[in-house]
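**Student:** Sharing a structure, written as structure tokens. Questions coming.
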Amino acid sequence: MSGRSASQRRATIVDVAELSGVSKSTVANVVRGDVPVSEETAARVRAAIAELGYVPNALARSLKQRRVATIGAVIGDLANPFYAELVKHVEHRIASDGYATIICDAVDTPATERDRVAMLIEQRVAGVLLTYFSGDPQVIADLQAAGIPVVGLSVMDDRIDHVVTDDVRGTQLAVEHLVALGHRRIVYVVGAGTEQSTIRARVQGWRSAMRVRELRAGRIVALGLERPPSGVVAIELDEAMAARRRPTAMIAQNDVTALELINRLEAGGLRVPADVSVIGYDDIPAARLDRISLTTLRQDTPRLVERAAALLMGRIDAALPGDVSANRVPPQFVVRSSTGRCRTTG
């Protein structure tokens, strides 16, 4: 097909593929820039795009699939600044592909989550990003039955593509830091506002790091929860701190929990870090304040969102192979003044 004949109508991805001598998926990869393509091939594709005046059209793509140009984003607790930051990046990234985003806060109950997902299916969204997932298998089954591509963003599930922070490694780094400071009695603290698979991964990292060092990983501390996450046996903070050999260091499941923990410890007359070292997770803005100065693990939110969005667009365009894609992004350990050397022997 010549450039002249294609110019008589709106150029399509098929026209670009034919003119540049590559597949439609290769054209899509060059346009999105999410999958490496040789410079020679990319140059041919870009030249064809320029000659034909091709413009990616999300609306045409959605009409072909009989879906509107919207993406559903099932979000965790928006009171947690991490999720607020995540949804900001999601909305900006999705808009760059010509889609609007429907935001659903589904953290209340599994029933709420099912209702929100049912609404997205009724709206015939082009795809769904799950940043919160209760673990209810029916949620994923319903989306897959409706033929709606779904990607886990900070949610790990073997049935779907997912992009997550390497949370196992994250809490291992936290334990390594505390052990280097002389701590041996290190507990893990769960609170509200973190997705189930994330909690499991972080607890796994804590337990494995303690086991390698032949340290006791006792019962988990629950802070401000009506009931602990499934499979977690937990005690209250007061009980943990009243023990004869109380913890000298605590790793919180997220920064919001860490801030509440510090408040509770200091209200009880303990000093952070002189008496108890505290580590959070997420590096929310409050963690960076001089008054807080929280040692924490920083998630690379832009990278997480970029990878998840690229996967979702690839699924929508049917440009990816059928196998489930699992991606882990390393966290960055940030040392501040909420951790210090252990002053307790034994």
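Labeling convention for the structure tokens: chains A, B, ... as they appear, residues from 1 per chain, ligands from 1 in order of appearance.
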I'd like to know which residues of segment 45-284 of chain A are alpha helix (DSSP H) (by DSSP, run on the backbone); could you write them as a compact mmCIF listing (two decimals) with N, CA, C and O atoms, in the first residue's frame?

**Tutor:**
```txt
# COMPACT_ATOMS: atom_id res chain seq x y z
N VAL A 45 9.53 2.09 11.40
CA VAL A 45 8.16 2.30 11.86
C VAL A 45 7.87 3.79 12.01
O VAL A 45 6.83 4.29 11.57
N ARG A 46 8.82 4.52 12.60
CA ARG A 46 8.60 5.97 12.77
C ARG A 46 8.50 6.68 11.43
O ARG A 46 7.71 7.62 11.26
N ALA A 47 9.31 6.23 10.46
CA ALA A 47 9.24 6.83 9.12
C ALA A 47 7.87 6.57 8.49
O ALA A 47 7.28 7.46 7.85
N ALA A 48 7.36 5.36 8.66
CA ALA A 48 6.04 5.03 8.11
C ALA A 48 4.94 5.84 8.79
O ALA A 48 4.00 6.32 8.14
N ILE A 49 5.07 6.00 10.11
CA ILE A 49 4.09 6.80 10.84
C ILE A 49 4.07 8.24 10.33
O ILE A 49 3.01 8.84 10.10
N ALA A 50 5.29 8.79 10.10
CA ALA A 50 5.39 10.16 9.61
C ALA A 50 4.81 10.29 8.20
O ALA A 50 4.09 11.25 7.89
N GLU A 51 5.11 9.31 7.35
CA GLU A 51 4.63 9.37 5.96
C GLU A 51 3.12 9.27 5.88
O GLU A 51 2.47 9.97 5.11
N LEU A 52 2.56 8.40 6.71
CA LEU A 52 1.11 8.16 6.67
C LEU A 52 0.31 9.11 7.54
O LEU A 52 -0.92 9.18 7.41
N ALA A 58 -7.35 5.77 20.53
CA ALA A 58 -7.94 4.94 21.59
C ALA A 58 -9.42 4.73 21.37
O ALA A 58 -9.96 3.68 21.69
N LEU A 59 -10.13 5.76 20.83
CA LEU A 59 -11.56 5.60 20.62
C LEU A 59 -11.84 4.54 19.58
O LEU A 59 -12.72 3.68 19.76
N ALA A 60 -11.08 4.56 18.46
CA ALA A 60 -11.27 3.53 17.44
C ALA A 60 -10.98 2.16 18.01
O ALA A 60 -11.68 1.18 17.73
N ARG A 61 -9.97 2.06 18.82
CA ARG A 61 -9.59 0.81 19.45
C ARG A 61 -10.73 0.30 20.35
O ARG A 61 -11.09 -0.86 20.34
N SER A 62 -11.35 1.22 21.08
CA SER A 62 -12.42 0.82 21.98
C SER A 62 -13.68 0.44 21.22
O SER A 62 -14.40 -0.48 21.60
N LEU A 63 -13.97 1.16 20.11
CA LEU A 63 -15.16 0.83 19.33
C LEU A 63 -15.03 -0.55 18.70
O LEU A 63 -15.99 -1.31 18.63
N LYS A 64 -13.83 -0.88 18.25
CA LYS A 64 -13.59 -2.20 17.67
C LYS A 64 -13.89 -3.29 18.67
O LYS A 64 -14.43 -4.34 18.34
N PRO A 81 -1.81 7.91 52.11
CA PRO A 81 -1.22 8.74 51.05
C PRO A 81 -0.54 7.95 49.94
O PRO A 81 -0.43 8.44 48.82
N PHE A 82 -0.09 6.74 50.23
CA PHE A 82 0.52 5.93 49.17
C PHE A 82 -0.47 5.68 48.05
O PHE A 82 -0.13 5.82 46.86
N TYR A 83 -1.71 5.30 48.40
CA TYR A 83 -2.70 5.03 47.36
C TYR A 83 -3.13 6.30 46.65
O TYR A 83 -3.43 6.29 45.45
N ALA A 84 -3.18 7.42 47.36
CA ALA A 84 -3.51 8.69 46.72
C ALA A 84 -2.45 9.04 45.67
O ALA A 84 -2.77 9.49 44.56
N GLU A 85 -1.19 8.83 46.01
CA GLU A 85 -0.10 9.08 45.06
C GLU A 85 -0.18 8.11 43.88
O GLU A 85 0.03 8.49 42.72
N LEU A 86 -0.49 6.86 44.17
CA LEU A 86 -0.59 5.85 43.13
C LEU A 86 -1.67 6.20 42.12
O LEU A 86 -1.45 6.14 40.91
N VAL A 87 -2.84 6.60 42.61
CA VAL A 87 -3.95 6.89 41.71
C VAL A 87 -3.67 8.13 40.88
O VAL A 87 -4.09 8.22 39.71
N LYS A 88 -2.91 9.08 41.41
CA LYS A 88 -2.52 10.26 40.63
C LYS A 88 -1.68 9.84 39.43
O LYS A 88 -1.92 10.27 38.29
N HIS A 89 -0.69 8.97 39.67
CA HIS A 89 0.16 8.50 38.58
C HIS A 89 -0.63 7.66 37.58
O HIS A 89 -0.40 7.73 36.37
N VAL A 90 -1.56 6.85 38.09
CA VAL A 90 -2.39 6.02 37.21
C VAL A 90 -3.19 6.90 36.26
O VAL A 90 -3.22 6.68 35.04
N GLU A 91 -3.87 7.91 36.82
CA GLU A 91 -4.72 8.76 35.99
C GLU A 91 -3.91 9.47 34.91
O GLU A 91 -4.31 9.53 33.74
N HIS A 92 -2.74 9.99 35.28
CA HIS A 92 -1.90 10.69 34.30
C HIS A 92 -1.40 9.73 33.21
O HIS A 92 -1.40 10.08 32.02
N ARG A 93 -0.98 8.53 33.64
CA ARG A 93 -0.43 7.58 32.66
C ARG A 93 -1.51 7.06 31.72
O ARG A 93 -1.28 6.95 30.50
N ILE A 94 -2.69 6.76 32.25
CA ILE A 94 -3.77 6.26 31.41
C ILE A 94 -4.24 7.33 30.43
O ILE A 94 -4.55 7.04 29.27
N ALA A 95 -4.28 8.59 30.89
CA ALA A 95 -4.69 9.68 30.00
C ALA A 95 -3.75 9.82 28.81
O ALA A 95 -4.17 10.20 27.72
N PRO A 110 -15.30 -7.15 51.19
CA PRO A 110 -15.32 -7.89 49.93
C PRO A 110 -16.58 -7.64 49.11
O PRO A 110 -16.53 -7.62 47.87
N ALA A 111 -17.72 -7.42 49.79
CA ALA A 111 -18.97 -7.14 49.07
C ALA A 111 -18.86 -5.83 48.31
O ALA A 111 -19.33 -5.71 47.16
N THR A 112 -18.24 -4.82 48.93
CA THR A 112 -18.03 -3.54 48.25
C THR A 112 -17.15 -3.73 47.02
O THR A 112 -17.43 -3.18 45.94
N GLU A 113 -16.11 -4.52 47.17
CA GLU A 113 -15.21 -4.80 46.05
C GLU A 113 -15.97 -5.45 44.90
O GLU A 113 -15.83 -5.04 43.73
N ARG A 114 -16.79 -6.46 45.20
CA ARG A 114 -17.57 -7.13 44.15
C ARG A 114 -18.52 -6.17 43.47
O ARG A 114 -18.68 -6.20 42.24
N ASP A 115 -19.15 -5.29 44.25
CA ASP A 115 -20.08 -4.31 43.68
C ASP A 115 -19.36 -3.35 42.74
O ASP A 115 -19.87 -3.02 41.66
N ARG A 116 -18.19 -2.89 43.15
CA ARG A 116 -17.44 -1.95 42.32
C ARG A 116 -17.01 -2.61 41.00
O ARG A 116 -17.08 -2.01 39.93
N VAL A 117 -16.55 -3.84 41.09
CA VAL A 117 -16.12 -4.55 39.88
C VAL A 117 -17.32 -4.82 38.97
O VAL A 117 -17.21 -4.70 37.74
N ALA A 118 -18.47 -5.17 39.55
CA ALA A 118 -19.67 -5.38 38.74
C ALA A 118 -20.05 -4.10 38.00
O ALA A 118 -20.46 -4.14 36.83
N MET A 119 -19.89 -2.96 38.66
CA MET A 119 -20.18 -1.68 38.01
C MET A 119 -19.24 -1.44 36.84
O MET A 119 -19.65 -0.99 35.77
N LEU A 120 -17.95 -1.76 37.01
CA LEU A 120 -17.00 -1.58 35.92
C LEU A 120 -17.33 -2.48 34.74
O LEU A 120 -17.18 -2.08 33.57
N ILE A 121 -17.76 -3.69 35.04
CA ILE A 121 -18.15 -4.61 33.96
C ILE A 121 -19.36 -4.06 33.21
O ILE A 121 -19.42 -4.08 31.98
N GLU A 122 -20.33 -3.53 33.94
CA GLU A 122 -21.52 -2.94 33.31
C GLU A 122 -21.15 -1.74 32.45
O GLU A 122 -21.77 -1.49 31.42
N PRO A 137 -11.83 -14.91 44.80
CA PRO A 137 -11.58 -15.41 43.44
C PRO A 137 -12.66 -15.03 42.45
O PRO A 137 -12.41 -14.98 41.25
N GLN A 138 -13.87 -14.75 42.95
CA GLN A 138 -14.97 -14.41 42.06
C GLN A 138 -14.73 -13.10 41.33
O GLN A 138 -15.18 -12.91 40.20
N VAL A 139 -13.99 -12.18 41.96
CA VAL A 139 -13.72 -10.88 41.35
C VAL A 139 -12.95 -11.06 40.04
O VAL A 139 -13.34 -10.53 38.99
N ILE A 140 -11.86 -11.82 40.10
CA ILE A 140 -11.07 -12.05 38.89
C ILE A 140 -11.84 -12.90 37.89
O ILE A 140 -11.81 -12.65 36.68
N ALA A 141 -12.56 -13.89 38.38
CA ALA A 141 -13.34 -14.75 37.49
C ALA A 141 -14.38 -13.94 36.71
O ALA A 141 -14.58 -14.17 35.50
N ASP A 142 -15.04 -12.99 37.38
CA ASP A 142 -16.06 -12.18 36.71
C ASP A 142 -15.43 -11.30 35.62
O ASP A 142 -15.99 -11.16 34.52
N LEU A 143 -14.27 -10.70 35.92
CA LEU A 143 -13.60 -9.86 34.92
C LEU A 143 -13.15 -10.69 33.72
O LEU A 143 -13.32 -10.28 32.57
N GLN A 144 -12.59 -11.85 33.99
CA GLN A 144 -12.12 -12.69 32.90
C GLN A 144 -13.28 -13.22 32.07
O GLN A 144 -13.18 -13.31 30.84
N ALA A 145 -14.40 -13.55 32.73
CA ALA A 145 -15.58 -14.02 32.00
C ALA A 145 -16.14 -12.93 31.09
O ALA A 145 -16.68 -13.22 30.02
N ASP A 167 8.35 -6.92 47.94
CA ASP A 167 8.11 -6.68 49.36
C ASP A 167 8.82 -7.69 50.26
O ASP A 167 9.16 -7.36 51.40
N VAL A 168 9.03 -8.90 49.77
CA VAL A 168 9.80 -9.87 50.56
C VAL A 168 11.20 -9.32 50.80
O VAL A 168 11.70 -9.28 51.93
N ARG A 169 11.83 -8.86 49.73
CA ARG A 169 13.17 -8.30 49.87
C ARG A 169 13.15 -7.03 50.72
O ARG A 169 14.09 -6.75 51.47
N GLY A 170 12.09 -6.26 50.61
CA GLY A 170 11.98 -5.03 51.36
C GLY A 170 12.08 -5.24 52.86
O GLY A 170 12.89 -4.59 53.55
N THR A 171 11.28 -6.18 53.39
CA THR A 171 11.34 -6.40 54.84
C THR A 171 12.61 -7.15 55.24
O THR A 171 13.07 -7.02 56.37
N GLN A 172 13.18 -7.91 54.32
CA GLN A 172 14.49 -8.50 54.61
C GLN A 172 15.54 -7.41 54.81
O GLN A 172 16.36 -7.48 55.73
N LEU A 173 15.50 -6.38 53.98
CA LEU A 173 16.41 -5.26 54.14
C LEU A 173 16.20 -4.56 55.49
O LEU A 173 17.17 -4.14 56.14
N ALA A 174 14.94 -4.45 55.89
CA ALA A 174 14.64 -3.81 57.17
C ALA A 174 15.25 -4.61 58.33
O ALA A 174 15.86 -4.04 59.24
N VAL A 175 15.09 -5.93 58.29
CA VAL A 175 15.66 -6.78 59.34
C VAL A 175 17.18 -6.67 59.33
O VAL A 175 17.83 -6.55 60.39
N GLU A 176 17.79 -6.72 58.15
CA GLU A 176 19.25 -6.63 58.05
C GLU A 176 19.76 -5.32 58.67
O GLU A 176 20.78 -5.31 59.38
N HIS A 177 19.06 -4.24 58.42
CA HIS A 177 19.44 -2.95 58.98
C HIS A 177 19.38 -2.98 60.50
O HIS A 177 20.32 -2.52 61.19
N LEU A 178 18.31 -3.52 61.04
CA LEU A 178 18.13 -3.56 62.50
C LEU A 178 19.14 -4.49 63.17
O LEU A 178 19.68 -4.17 64.23
N VAL A 179 19.40 -5.62 62.56
CA VAL A 179 20.38 -6.55 63.11
C VAL A 179 21.76 -5.90 63.14
O VAL A 179 22.53 -6.04 64.11
N ALA A 180 22.10 -5.15 62.10
CA ALA A 180 23.38 -4.46 62.06
C ALA A 180 23.50 -3.43 63.18
O ALA A 180 24.62 -3.10 63.62
N GLN A 196 -3.98 -7.47 50.95
CA GLN A 196 -3.67 -8.77 51.57
C GLN A 196 -2.40 -9.42 51.04
O GLN A 196 -1.56 -9.88 51.81
N SER A 197 -2.23 -9.48 49.73
CA SER A 197 -1.05 -10.16 49.18
C SER A 197 0.23 -9.40 49.55
O SER A 197 1.29 -10.00 49.72
N THR A 198 0.11 -8.08 49.70
CA THR A 198 1.25 -7.26 50.11
C THR A 198 1.64 -7.58 51.55
O THR A 198 2.83 -7.72 51.87
N ILE A 199 0.65 -7.68 52.42
CA ILE A 199 0.92 -8.03 53.82
C ILE A 199 1.62 -9.38 53.90
O ILE A 199 2.62 -9.54 54.61
N ARG A 200 1.11 -10.35 53.16
CA ARG A 200 1.71 -11.70 53.21
C ARG A 200 3.17 -11.66 52.77
O ARG A 200 4.03 -12.31 53.38
N ALA A 201 3.46 -10.91 51.70
CA ALA A 201 4.84 -10.85 51.21
C ALA A 201 5.76 -10.18 52.22
O ALA A 201 6.88 -10.63 52.45
N ARG A 202 5.28 -9.12 52.85
CA ARG A 202 6.13 -8.40 53.81
C ARG A 202 6.37 -9.24 55.07
O ARG A 202 7.48 -9.26 55.61
N VAL A 203 5.33 -9.93 55.52
CA VAL A 203 5.50 -10.82 56.67
C VAL A 203 6.47 -11.94 56.33
O VAL A 203 7.32 -12.33 57.14
N GLN A 204 6.35 -12.48 55.11
CA GLN A 204 7.26 -13.54 54.67
C GLN A 204 8.71 -13.07 54.71
O GLN A 204 9.61 -13.81 55.15
N GLY A 205 8.95 -11.84 54.24
CA GLY A 205 10.31 -11.31 54.26
C GLY A 205 10.85 -11.17 55.67
O GLY A 205 12.02 -11.50 55.94
N TRP A 206 10.02 -10.70 56.59
CA TRP A 206 10.43 -10.57 58.00
C TRP A 206 10.76 -11.94 58.60
O TRP A 206 11.81 -12.12 59.21
N ARG A 207 9.87 -12.90 58.39
CA ARG A 207 10.09 -14.24 58.97
C ARG A 207 11.35 -14.88 58.40
O ARG A 207 12.15 -15.47 59.14
N SER A 208 11.53 -14.80 57.09
CA SER A 208 12.69 -15.47 56.48
C SER A 208 14.00 -14.83 56.93
O SER A 208 14.98 -15.54 57.19
N ALA A 209 14.02 -13.50 57.04
CA ALA A 209 15.24 -12.83 57.48
C ALA A 209 15.57 -13.16 58.93
O ALA A 209 16.74 -13.32 59.30
N MET A 210 14.55 -13.28 59.77
CA MET A 210 14.77 -13.64 61.17
C MET A 210 15.26 -15.08 61.27
O MET A 210 16.18 -15.39 62.04
N ARG A 211 14.69 -15.96 60.47
CA ARG A 211 15.06 -17.38 60.51
C ARG A 211 16.51 -17.58 60.08
O ARG A 211 17.25 -18.36 60.70
N VAL A 212 16.94 -16.88 59.04
CA VAL A 212 18.32 -17.00 58.56
C VAL A 212 19.31 -16.63 59.66
O VAL A 212 20.39 -17.22 59.77
N LEU A 237 -0.55 -4.23 71.00
CA LEU A 237 0.70 -3.54 71.29
C LEU A 237 1.00 -3.52 72.78
O LEU A 237 2.15 -3.77 73.19
N ASP A 238 0.00 -3.25 73.60
CA ASP A 238 0.22 -3.18 75.04
C ASP A 238 0.75 -4.49 75.59
O ASP A 238 1.63 -4.51 76.46
N GLU A 239 0.23 -5.59 75.08
CA GLU A 239 0.69 -6.91 75.53
C GLU A 239 2.14 -7.14 75.13
O GLU A 239 2.95 -7.65 75.91
N ALA A 240 2.49 -6.75 73.90
CA ALA A 240 3.86 -6.93 73.42
C ALA A 240 4.84 -6.11 74.24
O ALA A 240 5.92 -6.60 74.61
N MET A 241 4.48 -4.88 74.58
CA MET A 241 5.41 -4.00 75.28
C MET A 241 5.46 -4.29 76.79
O MET A 241 6.38 -3.84 77.48
N ALA A 242 4.49 -5.05 77.29
CA ALA A 242 4.49 -5.41 78.72
C ALA A 242 5.32 -6.66 78.99
O ALA A 242 5.57 -7.00 80.16
N ASP A 255 3.76 3.19 56.28
CA ASP A 255 4.16 4.38 57.02
C ASP A 255 3.04 4.90 57.92
O ASP A 255 3.30 5.43 59.00
N VAL A 256 1.79 4.78 57.47
CA VAL A 256 0.67 5.24 58.30
C VAL A 256 0.64 4.47 59.61
O VAL A 256 0.48 5.04 60.70
N THR A 257 0.83 3.16 59.52
CA THR A 257 0.89 2.33 60.73
C THR A 257 2.11 2.71 61.58
O THR A 257 2.03 2.77 62.81
N ALA A 258 3.24 2.99 60.93
CA ALA A 258 4.45 3.38 61.67
C ALA A 258 4.24 4.67 62.44
O ALA A 258 4.67 4.80 63.60
N LEU A 259 3.56 5.65 61.83
CA LEU A 259 3.31 6.92 62.52
C LEU A 259 2.40 6.72 63.72
O LEU A 259 2.62 7.31 64.79
N GLU A 260 1.37 5.91 63.56
CA GLU A 260 0.49 5.60 64.69
C GLU A 260 1.25 4.86 65.78
O GLU A 260 1.07 5.12 66.98
N LEU A 261 2.12 3.96 65.36
CA LEU A 261 2.93 3.20 66.31
C LEU A 261 3.83 4.13 67.13
O LEU A 261 3.91 4.01 68.37
N ILE A 262 4.51 5.04 66.47
CA ILE A 262 5.39 5.99 67.17
C ILE A 262 4.58 6.81 68.17
O ILE A 262 5.00 7.03 69.32
N ASN A 263 3.41 7.25 67.75
CA ASN A 263 2.55 8.03 68.64
C ASN A 263 2.17 7.24 69.88
O ASN A 263 2.23 7.74 71.02
N ARG A 264 1.81 5.98 69.67
CA ARG A 264 1.41 5.13 70.80
C ARG A 264 2.59 4.84 71.73
O ARG A 264 2.46 4.85 72.96
N LEU A 265 3.75 4.58 71.16
CA LEU A 265 4.93 4.29 71.98
C LEU A 265 5.32 5.50 72.82
O LEU A 265 5.60 5.38 74.03
N GLU A 266 5.34 6.67 72.18
CA GLU A 266 5.73 7.87 72.92
C GLU A 266 4.70 8.25 73.97
O GLU A 266 5.05 8.74 75.06
N ALA A 267 3.43 8.01 73.68
CA ALA A 267 2.39 8.26 74.69
C ALA A 267 2.56 7.35 75.90
O ALA A 267 2.17 7.70 77.02
```

**Student:** Could you tell me how far atom CA of Leu297 of chain A sits from atom CA of Val189 of chain A, in Å to one decimal place?

**Tutor:**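 Taking atom CA of Val189 of chain A and atom CA of Leu297 of chain A, their separation equals 14.9 Å.
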
**Student:** Identify, on the basis of only C-alpha atoms, every residue whose closest approach to Gly322 of chain A does not exceed 12 Å; exclude the query and any residue fewer than 5 positions from it along the same chain; express the result as a list in words.

**Tutor:**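 With the cut-off at 12 Å, the set is Pro149, Arg159, Ile160, Asp161, Leu311, Gly314 and Arg315 of chain A.
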